[in-house]
Amino acid sequence: MSASDHRPASQFAGSAVFPHRHLTGIDGLQPHEIMFLLDESEQWIDSNRSRDKGHKQLRGLTQINAFFENSTRTLLSFEIAGKRLRADVVNMHAAQSSVKKGETLIDTAMTLNAMRADVIVIRHQSSGAVRLIADKVDCPVLNAGDGQHEHPTQALLDALTIRRRRGSVAGQRVVICGDILHSRVARSNILALTALAAEVRVCAPSTLMPAGMERMGVTPFTDFDQALDGADVVMMLRLQNERMSGAFIPSNREFHLRYGLTLARLARAKPDVLVMHPGPMNRGVEIDSAVADHVVHSAITEQVEMGVAVRMACLDVLTRRARRVKGWS
């Protein structure tokens, strides 16, 4: 964890508050840079709820969403974000790309660059692929999830949801439970939440718990009931069967018995606990419908709403130099 600068974002002028050309991960971001992106996201929330969405920040710019891995909600969220800022949005799906014909990732990056995009959003099944492409293109690159590495905008929207519902991220006891081993969401959330001074607990069967988790500043648990004690926020993760090469759990039923979030188990957390899930959910496996749809505790649909606001903020911030916004040249 390299984040160490806790100065308020208001102490920085212009581009000094976020000097990065790309957003490939939370790793390497300072706490004030994360807070800046959350603050920038706030302005889009009420705007998105109104009928007047006449934003023009990205008018005349081309946004390519290059998704080498299937996605529905993340692609749709980035597409809506770009269109609400008036970007010309082009979606490229792997099934329709030359990657299927054997084109290398470098050649794909060079092709995207030659098309003179102004910002590229990339989702890829391989860890590190987004960083590789970012090093080869002339425009800002946003990571929409790469392998088991990072999913930075998911972590930002989760932090924004927690901050709005709990008043602050700092001091919150957050339990992340499920398939920690294969989850880029878990990794990005751990980086963001610990940088913002939350207490983070991770919980999984030993087969789905990466070694050395303590080095990330979190406390690992294999007993979900113990991990839930006094929790302010519970973040559930699905089993990522598509990334598993063998049997990591005896069965879904066994996993649900030990790690599924039920109303009875949720009672071990604080009375006003917040329940989150990045989706898609496997109801009856990692979470019961009675919890997922709970009108008081569940913030799952709110996470989806925050996702559009966060992605609008990231697209706006990363294109400010190209748009020659004052202070960002």
# chains A, B, ... in the order shown; residues from 1 in each chain; ligands from 1
call {"tool": "closest_atom_pairs", "arguments": {"of": "range 36-70 of chain A", "to": "range 295-313 of chain A", "cutoff": "12 Å", "atoms": "only C-alpha atoms", "output": "CSV"}}
result
residue,atom,partner,partner_atom,distance
A:Phe36,CA,A:Ala313,CA,9.7
A:Leu37,CA,A:Ala313,CA,6.6
A:Leu38,CA,A:Val310,CA,7.1
A:Asp39,CA,A:Ala313,CA,8.9
A:Glu40,CA,A:Ala313,CA,5.6
A:Ser41,CA,A:Val310,CA,4.9
A:Glu42,CA,A:Ala309,CA,7.2
A:Gln43,CA,A:Ala309,CA,8.0
A:Trp44,CA,A:Ala309,CA,5.2
A:Ile45,CA,A:Ala309,CA,5.7
A:Asp46,CA,A:Ala309,CA,9.3
A:Ser47,CA,A:Ala309,CA,9.1
A:Asn48,CA,A:Ala309,CA,7.6
A:Arg49,CA,A:Glu305,CA,9.4
A:His55,CA,A:Met312,CA,10.3
A:Lys56,CA,A:Met312,CA,11.4
A:Gln57,CA,A:Met312,CA,9.7
A:Leu58,CA,A:Met312,CA,9.8
A:Gln63,CA,A:Met312,CA,11.9
call {"tool": "closest_atom_pairs", "arguments": {"of": "range 171-226 of chain A", "to": "range 137-144 of chain A", "cutoff": "12 Å", "atoms": "only C-alpha atoms", "output": "JSON lines"}}
result
{"residue": "A:Arg184", "atom": "CA", "partner": "A:Ala144", "partner_atom": "CA", "distance": 10.5}
{"residue": "A:Val185", "atom": "CA", "partner": "A:Ala144", "partner_atom": "CA", "distance": 10.6}
{"residue": "A:Ser188", "atom": "CA", "partner": "A:Asn143", "partner_atom": "CA", "distance": 11.3}
call {"tool": "residues_around", "arguments": {"residues": "Ala290 in chain A", "least_positions_apart": "2", "cutoff": "12 Å", "atoms": "only C-alpha atoms", "output": "list of chain:residue names"}}
result
A:Gly260, A:Leu261, A:Thr262, A:Leu263, A:Ala264, A:Arg265, A:Leu266, A:Val275, A:Arg283, A:Gly284, A:Ile287, A:Asp288, A:Ala292, A:Asp293, A:His294, A:Val295, A:Val296, A:His297, A:Ser298
call {"tool": "closest_residue", "arguments": {"among": "A:Ile120, A:Ile249, A:Leu193, A:Ala231", "to": "Ala66 in chain A", "atoms": "only C-alpha atoms"}}
result
A:Ile120
call {"tool": "atom_distance", "arguments": {"atom1": "CA of Cys314 in chain A", "atom2": "CA of Ala109 in chain A"}}
result
20.9 Å
call {"tool": "closest_residue", "arguments": {"among": "A:Met209, A:Ala159, A:Ala197, A:Ala16", "to": "Ser183 in chain A", "atoms": "only C-alpha atoms"}}
result
A:Met209
call {"tool": "closest_residue", "arguments": {"among": "A:Thr207, A:Val121, A:Arg164, A:Asp225", "to": "Leu257 in chain A", "atoms": "only C-alpha atoms"}}
result
A:Asp225
call {"tool": "select_by_dssp", "arguments": {"residues": "range 115-322 of chain A", "states": "helix (DSSP H, G or I)", "output": "PyMOL selection string"}}
result
chain A and resi 129-134+152-166+184-195+206-208+213-216+224-227+241-243+252-259+263-266+289-292+300-318
call {"tool": "residues_around", "arguments": {"residues": "Ile176 in chain A", "least_positions_apart": "5", "cutoff": "7 Å", "atoms": "only C-alpha atoms", "output": "MDAnalysis selection string"}}
result
chainID A and resid 201:203 234:236
call {"tool": "select_by_dssp", "arguments": {"residues": "range 207-292 of chain A", "states": "strand (DSSP E)", "output": "list in words"}}
result
Thr219, Pro220, Phe221, Val233, Val234, Met235, Met236, Leu274, Val275 and Met276 of chain A
call {"tool": "closest_residue", "arguments": {"among": "A:Ile122, A:Val90, A:Leu75, A:Val175", "to": "Ala204 in chain A", "atoms": "only C-alpha atoms"}}
result
A:Val175
call {"tool": "residues_around", "arguments": {"residues": "Ile26 in chain A", "least_positions_apart": "2", "cutoff": "10 Å", "atoms": "only C-alpha atoms", "output": "list in words"}}
result
Met1, Ala3, Leu23, Thr24, Gly28, Leu29, Gln30, Pro31, Glu33, Ile34, Glu150, His151, Pro152, Thr153, Ala155, Leu156, Arg187, Ser188, Asn189, Ile190, Leu191, Ala192 and Ala195 of chain A
call {"tool": "closest_residue", "arguments": {"among": "A:Ser50, A:Gln172, A:Ser10, A:Asn282", "to": "Asp232 in chain A", "atoms": "only C-alpha atoms"}}
result
A:Gln172
call {"tool": "closest_residue", "arguments": {"among": "A:Leu228, A:Ala134, A:Leu76, A:Ile64", "to": "Pro271 in chain A", "atoms": "only C-alpha atoms"}}
result
A:Leu228
call {"tool": "decode", "arguments": {"residues": "range 150-189 of chain A", "atoms": "N, CA and C atoms", "output": "tab-separated table (two decimals), in the first residue's frame"}}
result
chain	number	residue	atom	x	y	z
A	150	GLU	N	-7.53	-5.75	-10.90
A	150	GLU	CA	-8.25	-4.61	-10.30
A	150	GLU	C	-9.54	-4.28	-11.05
A	151	HIS	N	-10.42	-3.62	-10.37
A	151	HIS	CA	-11.66	-3.08	-10.94
A	151	HIS	C	-11.88	-1.73	-10.23
A	152	PRO	N	-11.09	-0.70	-10.61
A	152	PRO	CA	-11.07	0.53	-9.80
A	152	PRO	C	-12.39	1.29	-9.72
A	153	THR	N	-13.15	1.35	-10.81
A	153	THR	CA	-14.40	2.12	-10.72
A	153	THR	C	-15.43	1.41	-9.83
A	154	GLN	N	-15.36	0.08	-9.73
A	154	GLN	CA	-16.25	-0.63	-8.80
A	154	GLN	C	-15.90	-0.25	-7.36
A	155	ALA	N	-14.59	-0.19	-7.07
A	155	ALA	CA	-14.18	0.20	-5.71
A	155	ALA	C	-14.59	1.64	-5.40
A	156	LEU	N	-14.50	2.51	-6.38
A	156	LEU	CA	-14.89	3.91	-6.16
A	156	LEU	C	-16.39	4.03	-5.92
A	157	LEU	N	-17.19	3.31	-6.70
A	157	LEU	CA	-18.65	3.41	-6.51
A	157	LEU	C	-19.06	2.76	-5.19
A	158	ASP	N	-18.33	1.74	-4.77
A	158	ASP	CA	-18.63	1.14	-3.47
A	158	ASP	C	-18.28	2.11	-2.33
A	159	ALA	N	-17.12	2.76	-2.45
A	159	ALA	CA	-16.74	3.74	-1.42
A	159	ALA	C	-17.71	4.91	-1.38
A	160	LEU	N	-18.17	5.34	-2.56
A	160	LEU	CA	-19.14	6.44	-2.62
A	160	LEU	C	-20.46	6.04	-1.96
A	161	THR	N	-20.89	4.81	-2.21
A	161	THR	CA	-22.13	4.32	-1.60
A	161	THR	C	-22.01	4.28	-0.08
A	162	ILE	N	-20.88	3.77	0.40
A	162	ILE	CA	-20.67	3.71	1.85
A	162	ILE	C	-20.64	5.11	2.44
A	163	ARG	N	-19.92	6.03	1.81
A	163	ARG	CA	-19.80	7.39	2.34
A	163	ARG	C	-21.16	8.08	2.42
A	164	ARG	N	-21.99	7.89	1.40
A	164	ARG	CA	-23.30	8.54	1.40
A	164	ARG	C	-24.25	7.92	2.42
A	165	ARG	N	-24.16	6.61	2.60
A	165	ARG	CA	-25.08	5.94	3.52
A	165	ARG	C	-24.61	6.00	4.97
A	166	ARG	N	-23.29	6.00	5.19
A	166	ARG	CA	-22.75	5.95	6.54
A	166	ARG	C	-22.14	7.26	7.00
A	167	GLY	N	-22.03	8.24	6.09
A	167	GLY	CA	-21.46	9.54	6.45
A	167	GLY	C	-19.97	9.62	6.25
A	168	SER	N	-19.28	8.49	6.30
A	168	SER	CA	-17.82	8.47	6.13
A	168	SER	C	-17.39	7.03	5.85
A	169	VAL	N	-16.25	6.90	5.20
A	169	VAL	CA	-15.64	5.58	5.03
A	169	VAL	C	-14.73	5.29	6.22
A	170	ALA	N	-14.06	6.31	6.69
A	170	ALA	CA	-13.11	6.16	7.80
A	170	ALA	C	-13.81	5.59	9.03
A	171	GLY	N	-13.19	4.60	9.63
A	171	GLY	CA	-13.72	4.03	10.86
A	171	GLY	C	-14.78	2.96	10.69
A	172	GLN	N	-15.25	2.75	9.47
A	172	GLN	CA	-16.27	1.73	9.24
A	172	GLN	C	-15.64	0.34	9.26
A	173	ARG	N	-16.33	-0.59	9.88
A	173	ARG	CA	-15.87	-1.99	9.86
A	173	ARG	C	-16.55	-2.68	8.69
A	174	VAL	N	-15.77	-2.96	7.66
A	174	VAL	CA	-16.30	-3.53	6.42
A	174	VAL	C	-15.87	-4.99	6.31
A	175	VAL	N	-16.84	-5.89	6.13
A	175	VAL	CA	-16.56	-7.31	5.94
A	175	VAL	C	-16.78	-7.65	4.47
A	176	ILE	N	-15.73	-8.17	3.82
A	176	ILE	CA	-15.84	-8.62	2.43
A	176	ILE	C	-15.79	-10.14	2.46
A	177	CYS	N	-16.87	-10.79	2.01
A	177	CYS	CA	-16.99	-12.24	2.13
A	177	CYS	C	-17.31	-12.90	0.79
A	178	GLY	N	-16.64	-14.00	0.52
A	178	GLY	CA	-16.91	-14.77	-0.69
A	178	GLY	C	-15.62	-15.25	-1.33
A	179	ASP	N	-15.61	-15.23	-2.64
A	179	ASP	CA	-14.46	-15.72	-3.40
A	179	ASP	C	-13.40	-14.62	-3.47
A	180	ILE	N	-12.65	-14.48	-2.39
A	180	ILE	CA	-11.61	-13.43	-2.34
A	180	ILE	C	-10.48	-13.76	-3.32
A	181	LEU	N	-10.17	-15.03	-3.47
A	181	LEU	CA	-9.01	-15.46	-4.27
A	181	LEU	C	-9.08	-14.97	-5.71
A	182	HIS	N	-10.26	-15.05	-6.33
A	182	HIS	CA	-10.37	-14.74	-7.75
A	182	HIS	C	-10.94	-13.34	-8.01
A	183	SER	N	-11.13	-12.56	-6.96
A	183	SER	CA	-11.90	-11.31	-7.09
A	183	SER	C	-11.04	-10.06	-7.25
A	184	ARG	N	-11.14	-9.43	-8.41
A	184	ARG	CA	-10.50	-8.12	-8.61
A	184	ARG	C	-11.27	-7.04	-7.84
A	185	VAL	N	-12.56	-7.26	-7.66
A	185	VAL	CA	-13.36	-6.32	-6.87
A	185	VAL	C	-12.86	-6.27	-5.43
A	186	ALA	N	-12.57	-7.45	-4.87
A	186	ALA	CA	-12.06	-7.48	-3.50
A	186	ALA	C	-10.74	-6.74	-3.40
A	187	ARG	N	-9.85	-6.99	-4.34
A	187	ARG	CA	-8.52	-6.36	-4.29
A	187	ARG	C	-8.64	-4.83	-4.36
A	188	SER	N	-9.42	-4.33	-5.33
A	188	SER	CA	-9.56	-2.87	-5.47
A	188	SER	C	-10.25	-2.27	-4.25
A	189	ASN	N	-11.25	-2.97	-3.73
A	189	ASN	CA	-11.95	-2.45	-2.55
A	189	ASN	C	-11.04	-2.42	-1.33
